[in-house]
Amino acid sequence: MKILALCIGNPERLAGKSYKTGIFKHAVNGAVMIDAEGLVGDAICNRKHHGGVDQAVYIEGSLTLDWWSRELGRPYEPGTFGENIVITDLDNRDVAVGDRFISGDLVLEVTACRIPCATFAARMNDQQFVKRYTVAARPGIYCRVIRGGVAKAGMPVEHQAFVGEKVSMPELMRTFGRRLSEPNRARYLASPIHYKLRALLEAET
C-alpha cells in the first residue's frame with residue numbers, strides 16, 4: 001500500500017447554503033505535516049461535527065473509490081468525498097476500529113466510520129446521496145493521530161490490524177444510533193473507538 005493522494009481544502013460556500021464548508025478538497029503536491037488536529041492547512045469549518053482529535057484524519061481506500069467511480073459513471077478525483085488521504089489497494093470494508101496505518105513517522109489509529117450528512121449530499125449534488133452512501137456500506141475511515149509526521153504521495157503504508165475483536169466500518173455504520181446488545185456494547189467499548197461514541201455507549205448502562 002502507498003499514499004496515493006493527500007488532500008486539503010479551503011472554506012467554500014455550497015450553492016444555496018449560507019454556511020461555508022471544508023468538504024471541497026484537492027490533492028496537493030509535496031509534503032504535508034500531520035499533527036494531532038490533522039493535516040496542517042486543511043480547513044475544518046464545523047468543529048461541532050467535524051475534526052477534533054478522534055476525527056483528525058479522514059481516509060478513503062483506492063479500491064472503494066474505484067467502486068464509486070464505476071457506480072457514479074465518471075472518474076473519481078481525490079478529495080471528492082472530502083477525504084484527506086487516499087491509500088492504494090485498500091477496501092474500506094476491510095478496516096476496523098483500532099486498525100493502524102503507519103507511513104514513515106506517521107501513525108494513525110481508526111476510531112470511527114463516516115456517517116453521511118446533508119452537506120455531503122449537497123457536495124455531490126444529489127439529495128438522495130445520504131441514502132445511496134449508506135446502502136453502499138463502504139464508509140470512509142476516521143482516525144486519530146497517534147504520532148504525527150510529514151507525509152507525501154508515494155510513501156509506503158503499512159496496514160496493521162487491531163488485535164482485539166473487530167468492529168468493522170460497515171458494522172459501525174449499520175449500528176450507528178441503535179441500541180446494542182450487551183455483548184456487542186462490550187465489544188465496541190473494548191476497542192479504541194471515537195470518544196463521542198464511547199460516551200454514548202457508556203451512557204446506555
# chains A, B, ... in the order shown; residues from 1 in each chain; ligands from 1
>>> residues_around(residues="Ala153 (chain A)", least_positions_apart="3", cutoff="7 Å", atoms="only C-alpha atoms", output="PyMOL selection string")
chain A and resi 3-6
>>> closest_atom_pairs(of="region 65-154 of chain A", to="region 24-34 of chain A", cutoff="12 Å", atoms="only C-alpha atoms", output="JSON lines")
{"residue": "A:Tyr76", "atom": "CA", "partner": "A:His26", "partner_atom": "CA", "distance": 11.7}
{"residue": "A:Glu77", "atom": "CA", "partner": "A:His26", "partner_atom": "CA", "distance": 8.1}
{"residue": "A:Pro78", "atom": "CA", "partner": "A:Ala27", "partner_atom": "CA", "distance": 6.1}
{"residue": "A:Gly79", "atom": "CA", "partner": "A:Lys25", "partner_atom": "CA", "distance": 4.6}
{"residue": "A:Thr80", "atom": "CA", "partner": "A:Lys25", "partner_atom": "CA", "distance": 6.6}
{"residue": "A:Phe81", "atom": "CA", "partner": "A:Phe24", "partner_atom": "CA", "distance": 7.9}
{"residue": "A:Gly82", "atom": "CA", "partner": "A:Lys25", "partner_atom": "CA", "distance": 5.5}
{"residue": "A:Glu83", "atom": "CA", "partner": "A:Lys25", "partner_atom": "CA", "distance": 7.2}
{"residue": "A:Asn84", "atom": "CA", "partner": "A:Lys25", "partner_atom": "CA", "distance": 7.7}
{"residue": "A:Ile85", "atom": "CA", "partner": "A:Ala27", "partner_atom": "CA", "distance": 8.9}
{"residue": "A:Val86", "atom": "CA", "partner": "A:Ala27", "partner_atom": "CA", "distance": 9.5}
{"residue": "A:Ser103", "atom": "CA", "partner": "A:Ile34", "partner_atom": "CA", "distance": 11.4}
{"residue": "A:Gly104", "atom": "CA", "partner": "A:Ile34", "partner_atom": "CA", "distance": 11.7}
{"residue": "A:Asp105", "atom": "CA", "partner": "A:Ile34", "partner_atom": "CA", "distance": 10.2}
{"residue": "A:Leu106", "atom": "CA", "partner": "A:Ile34", "partner_atom": "CA", "distance": 7.8}
{"residue": "A:Val107", "atom": "CA", "partner": "A:Ile34", "partner_atom": "CA", "distance": 9.9}
{"residue": "A:Leu108", "atom": "CA", "partner": "A:Ile34", "partner_atom": "CA", "distance": 10.0}
{"residue": "A:Thr119", "atom": "CA", "partner": "A:Phe24", "partner_atom": "CA", "distance": 10.7}
{"residue": "A:Phe120", "atom": "CA", "partner": "A:Phe24", "partner_atom": "CA", "distance": 9.9}
{"residue": "A:Ala122", "atom": "CA", "partner": "A:Phe24", "partner_atom": "CA", "distance": 11.2}
{"residue": "A:Arg123", "atom": "CA", "partner": "A:Phe24", "partner_atom": "CA", "distance": 7.8}
{"residue": "A:Met124", "atom": "CA", "partner": "A:Phe24", "partner_atom": "CA", "distance": 10.4}
{"residue": "A:Cys143", "atom": "CA", "partner": "A:Ile34", "partner_atom": "CA", "distance": 11.8}
{"residue": "A:Arg144", "atom": "CA", "partner": "A:Ile34", "partner_atom": "CA", "distance": 10.7}
{"residue": "A:Val145", "atom": "CA", "partner": "A:Ile34", "partner_atom": "CA", "distance": 8.1}
{"residue": "A:Ile146", "atom": "CA", "partner": "A:Ile34", "partner_atom": "CA", "distance": 10.6}
{"residue": "A:Arg147", "atom": "CA", "partner": "A:Ile34", "partner_atom": "CA", "distance": 8.8}
{"residue": "A:Gly148", "atom": "CA", "partner": "A:Ile34", "partner_atom": "CA", "distance": 5.4}
{"residue": "A:Gly149", "atom": "CA", "partner": "A:Ile34", "partner_atom": "CA", "distance": 5.5}
{"residue": "A:Val150", "atom": "CA", "partner": "A:Met33", "partner_atom": "CA", "distance": 4.4}
{"residue": "A:Ala151", "atom": "CA", "partner": "A:Val32", "partner_atom": "CA", "distance": 5.4}
{"residue": "A:Lys152", "atom": "CA", "partner": "A:Ala31", "partner_atom": "CA", "distance": 4.5}
{"residue": "A:Ala153", "atom": "CA", "partner": "A:Gly30", "partner_atom": "CA", "distance": 7.5}
{"residue": "A:Gly154", "atom": "CA", "partner": "A:Gly30", "partner_atom": "CA", "distance": 10.2}
>>> write_last_selection(atoms="C-alpha atoms", output="PDB file, in the first residue's frame")
ATOM      1  CA  TYR A  76     -13.189   9.955  -9.278  1.00  0.00           C
ATOM      2  CA  GLU A  77     -10.878  12.819  -8.366  1.00  0.00           C
ATOM      3  CA  PRO A  78      -9.097  12.554  -4.996  1.00  0.00           C
ATOM      4  CA  GLY A  79     -10.793  14.782  -2.435  1.00  0.00           C
ATOM      5  CA  THR A  80     -14.292  14.477  -3.909  1.00  0.00           C
ATOM      6  CA  PHE A  81     -15.692  12.960  -0.696  1.00  0.00           C
ATOM      7  CA  GLY A  82     -13.724  15.388   1.453  1.00  0.00           C
ATOM      8  CA  GLU A  83     -11.065  12.824   2.315  1.00  0.00           C
ATOM      9  CA  ASN A  84      -7.585  13.797   3.490  1.00  0.00           C
ATOM     10  CA  ILE A  85      -5.693  10.671   2.425  1.00  0.00           C
ATOM     11  CA  VAL A  86      -6.251   8.102  -0.312  1.00  0.00           C
ATOM     12  CA  SER A 103       3.733   5.659   6.996  1.00  0.00           C
ATOM     13  CA  GLY A 104       7.186   6.919   7.892  1.00  0.00           C
ATOM     14  CA  ASP A 105       6.898   8.558  11.316  1.00  0.00           C
ATOM     15  CA  LEU A 106       3.125   8.923  10.952  1.00  0.00           C
ATOM     16  CA  VAL A 107       0.864   6.572  12.934  1.00  0.00           C
ATOM     17  CA  LEU A 108      -2.929   6.828  12.529  1.00  0.00           C
ATOM     18  CA  THR A 119     -23.559  18.775   3.407  1.00  0.00           C
ATOM     19  CA  PHE A 120     -22.145  15.650   1.764  1.00  0.00           C
ATOM     20  CA  ALA A 122     -25.140  18.890  -1.373  1.00  0.00           C
ATOM     21  CA  ARG A 123     -21.469  18.464  -2.301  1.00  0.00           C
ATOM     22  CA  MET A 124     -22.429  15.527  -4.527  1.00  0.00           C
ATOM     23  CA  CYS A 143      -8.534   8.308  12.526  1.00  0.00           C
ATOM     24  CA  ARG A 144      -6.790   9.859  15.485  1.00  0.00           C
ATOM     25  CA  VAL A 145      -3.109  10.724  15.186  1.00  0.00           C
ATOM     26  CA  ILE A 146      -1.017   8.544  17.496  1.00  0.00           C
ATOM     27  CA  ARG A 147       2.203  10.054  16.182  1.00  0.00           C
ATOM     28  CA  GLY A 148       2.437  12.983  13.821  1.00  0.00           C
ATOM     29  CA  GLY A 149       4.773  13.298  10.907  1.00  0.00           C
ATOM     30  CA  VAL A 150       5.356  14.509   7.396  1.00  0.00           C
ATOM     31  CA  ALA A 151       3.594  12.612   4.611  1.00  0.00           C
ATOM     32  CA  LYS A 152       3.608  12.812   0.833  1.00  0.00           C
ATOM     33  CA  ALA A 153       2.161  10.882  -2.085  1.00  0.00           C
ATOM     34  CA  GLY A 154       4.079   7.734  -2.915  1.00  0.00           C
TER      35      GLY A 154
END
>>> select_by_dssp(residues="region 34-189 of chain A", states="strand (DSSP E)", output="JSON, numbers by chain")
{"A": [34, 35, 38, 39, 57, 58, 59, 60, 61, 85, 86, 87, 100, 101, 102, 103, 106, 107, 108, 109, 110, 111, 112, 113, 141, 142, 143, 144, 145, 146, 147, 149, 150, 151, 158, 159, 160]}
>>> select_by_dssp(residues="region 53-183 of chain A", states="alpha helix (DSSP H)", output="ChimeraX atom specification")
/A:62-72,118-123,129-136,169-175,182-183
>>> closest_residue(among="A:Glu12, A:Arg93, A:Gly52, A:Pro192", to="Asp35 (chain A)", atoms="only C-alpha atoms")
A:Gly52
>>> residues_around(residues="region 164-180 of chain A", least_positions_apart="2", cutoff="6 Å", atoms="only C-alpha atoms", output="PyMOL selection string")
chain A and resi 95-97+113+137+162+184-185
>>> closest_residue(among="A:Tyr19, A:Tyr188, A:Phe129, A:Tyr142", to="Arg114 (chain A)", atoms="only C-alpha atoms")
A:Tyr142
>>> residues_around(residues="His194 (chain A)", least_positions_apart="5", cutoff="7 Å", atoms="only C-alpha atoms", output="JSON, numbers by chain")
{"A": [54, 111, 112]}
>>> atom_distance(atom1="CA of Asp42 (chain A)", atom2="CA of Ile87 (chain A)")
18.2 Å
>>> atom_distance(atom1="CA of Ala190 (chain A)", atom2="CA of Val135 (chain A)")
27.1 Å
>>> residues_around(residues="Trp68 (chain A)", least_positions_apart="6", cutoff="10 Å", atoms="only C-alpha atoms", output="list in words")
Ser62, Arg74, Pro75, Tyr76, Tyr133, Ala136 and Arg138 of chain A
>>> closest_residue(among="A:Glu182, A:Asp94, A:Asp126, A:Glu109", to="Leu201 (chain A)", atoms="only C-alpha atoms")
A:Glu182
>>> closest_residue(among="A:Met155, A:Gln160, A:Glu204, A:Val110", to="Ser191 (chain A)", atoms="only C-alpha atoms")
A:Val110
>>> decode(residues="region 35-47 of chain A", atoms="all heavy atoms", output="short mmCIF file (atom, residue, chain, number, x, y, z; two decimals), in the first residue's frame")
data_model
loop_
_atom_site.label_atom_id
_atom_site.label_comp_id
_atom_site.auth_asym_id
_atom_site.auth_seq_id
_atom_site.Cartn_x
_atom_site.Cartn_y
_atom_site.Cartn_z
N ASP A 35 -0.46 16.73 12.25
CA ASP A 35 -0.33 16.76 13.71
C ASP A 35 -1.60 16.23 14.35
O ASP A 35 -2.45 15.64 13.66
CB ASP A 35 0.04 18.16 14.20
CG ASP A 35 -1.02 19.22 13.86
OD1 ASP A 35 -2.18 18.85 13.60
OD2 ASP A 35 -0.68 20.43 13.89
N ALA A 36 -1.77 16.43 15.64
CA ALA A 36 -2.91 15.87 16.37
C ALA A 36 -4.25 16.35 15.85
O ALA A 36 -5.28 15.67 16.03
CB ALA A 36 -2.78 16.18 17.86
N GLU A 37 -4.27 17.50 15.19
CA GLU A 37 -5.52 18.06 14.67
C GLU A 37 -5.74 17.73 13.19
O GLU A 37 -6.74 18.14 12.62
CB GLU A 37 -5.53 19.57 14.87
CG GLU A 37 -5.64 19.99 16.33
CD GLU A 37 -7.00 19.69 16.94
OE1 GLU A 37 -8.00 19.72 16.20
OE2 GLU A 37 -7.05 19.42 18.15
N GLY A 38 -4.80 17.02 12.57
CA GLY A 38 -4.97 16.63 11.17
C GLY A 38 -3.93 17.25 10.26
O GLY A 38 -2.82 17.58 10.70
N LEU A 39 -4.28 17.42 9.00
CA LEU A 39 -3.36 17.97 8.02
C LEU A 39 -3.24 19.48 8.20
O LEU A 39 -4.26 20.19 8.18
CB LEU A 39 -3.83 17.67 6.59
CG LEU A 39 -3.49 16.27 6.04
CD1 LEU A 39 -4.27 15.19 6.77
CD2 LEU A 39 -3.77 16.20 4.56
N VAL A 40 -2.03 19.94 8.40
CA VAL A 40 -1.81 21.37 8.61
C VAL A 40 -2.21 22.13 7.34
O VAL A 40 -1.79 21.77 6.23
CB VAL A 40 -0.33 21.64 8.96
CG1 VAL A 40 -0.06 23.14 9.02
CG2 VAL A 40 0.02 20.98 10.29
N GLY A 41 -3.05 23.14 7.51
CA GLY A 41 -3.52 23.92 6.37
C GLY A 41 -4.88 23.51 5.85
O GLY A 41 -5.44 24.18 4.98
N ASP A 42 -5.44 22.41 6.39
CA ASP A 42 -6.75 21.95 5.94
C ASP A 42 -7.84 22.66 6.72
O ASP A 42 -7.75 22.80 7.95
CB ASP A 42 -6.87 20.44 6.14
CG ASP A 42 -8.17 19.88 5.61
OD1 ASP A 42 -8.62 20.32 4.53
OD2 ASP A 42 -8.75 18.99 6.28
N ALA A 43 -8.89 23.10 6.02
CA ALA A 43 -9.97 23.85 6.66
C ALA A 43 -10.98 22.90 7.32
O ALA A 43 -11.45 21.95 6.69
CB ALA A 43 -10.70 24.70 5.62
N ILE A 44 -11.29 23.17 8.58
CA ILE A 44 -12.37 22.49 9.31
C ILE A 44 -13.32 23.59 9.76
O ILE A 44 -13.00 24.37 10.67
CB ILE A 44 -11.85 21.71 10.53
CG1 ILE A 44 -10.74 20.73 10.12
CG2 ILE A 44 -12.99 20.99 11.23
CD1 ILE A 44 -11.20 19.60 9.23
N CYS A 45 -14.49 23.66 9.14
CA CYS A 45 -15.39 24.79 9.39
C CYS A 45 -16.41 24.52 10.51
O CYS A 45 -16.72 25.43 11.27
CB CYS A 45 -16.13 25.15 8.10
SG CYS A 45 -15.03 25.72 6.78
N ASN A 46 -16.92 23.32 10.59
CA ASN A 46 -17.93 22.99 11.59
C ASN A 46 -17.32 22.03 12.60
O ASN A 46 -17.42 20.81 12.46
CB ASN A 46 -19.16 22.38 10.93
CG ASN A 46 -20.27 22.06 11.93
OD1 ASN A 46 -20.09 22.21 13.14
ND2 ASN A 46 -21.41 21.63 11.43
N ARG A 47 -16.70 22.58 13.63
CA ARG A 47 -15.97 21.74 14.57
C ARG A 47 -16.88 21.00 15.55
O ARG A 47 -16.40 20.15 16.32
CB ARG A 47 -14.92 22.56 15.31
CG ARG A 47 -13.77 22.95 14.39
CD ARG A 47 -12.59 23.51 15.14
NE ARG A 47 -11.47 23.71 14.23
CZ ARG A 47 -10.55 22.79 13.96
NH1 ARG A 47 -10.63 21.61 14.53
NH2 ARG A 47 -9.57 23.04 13.11
#
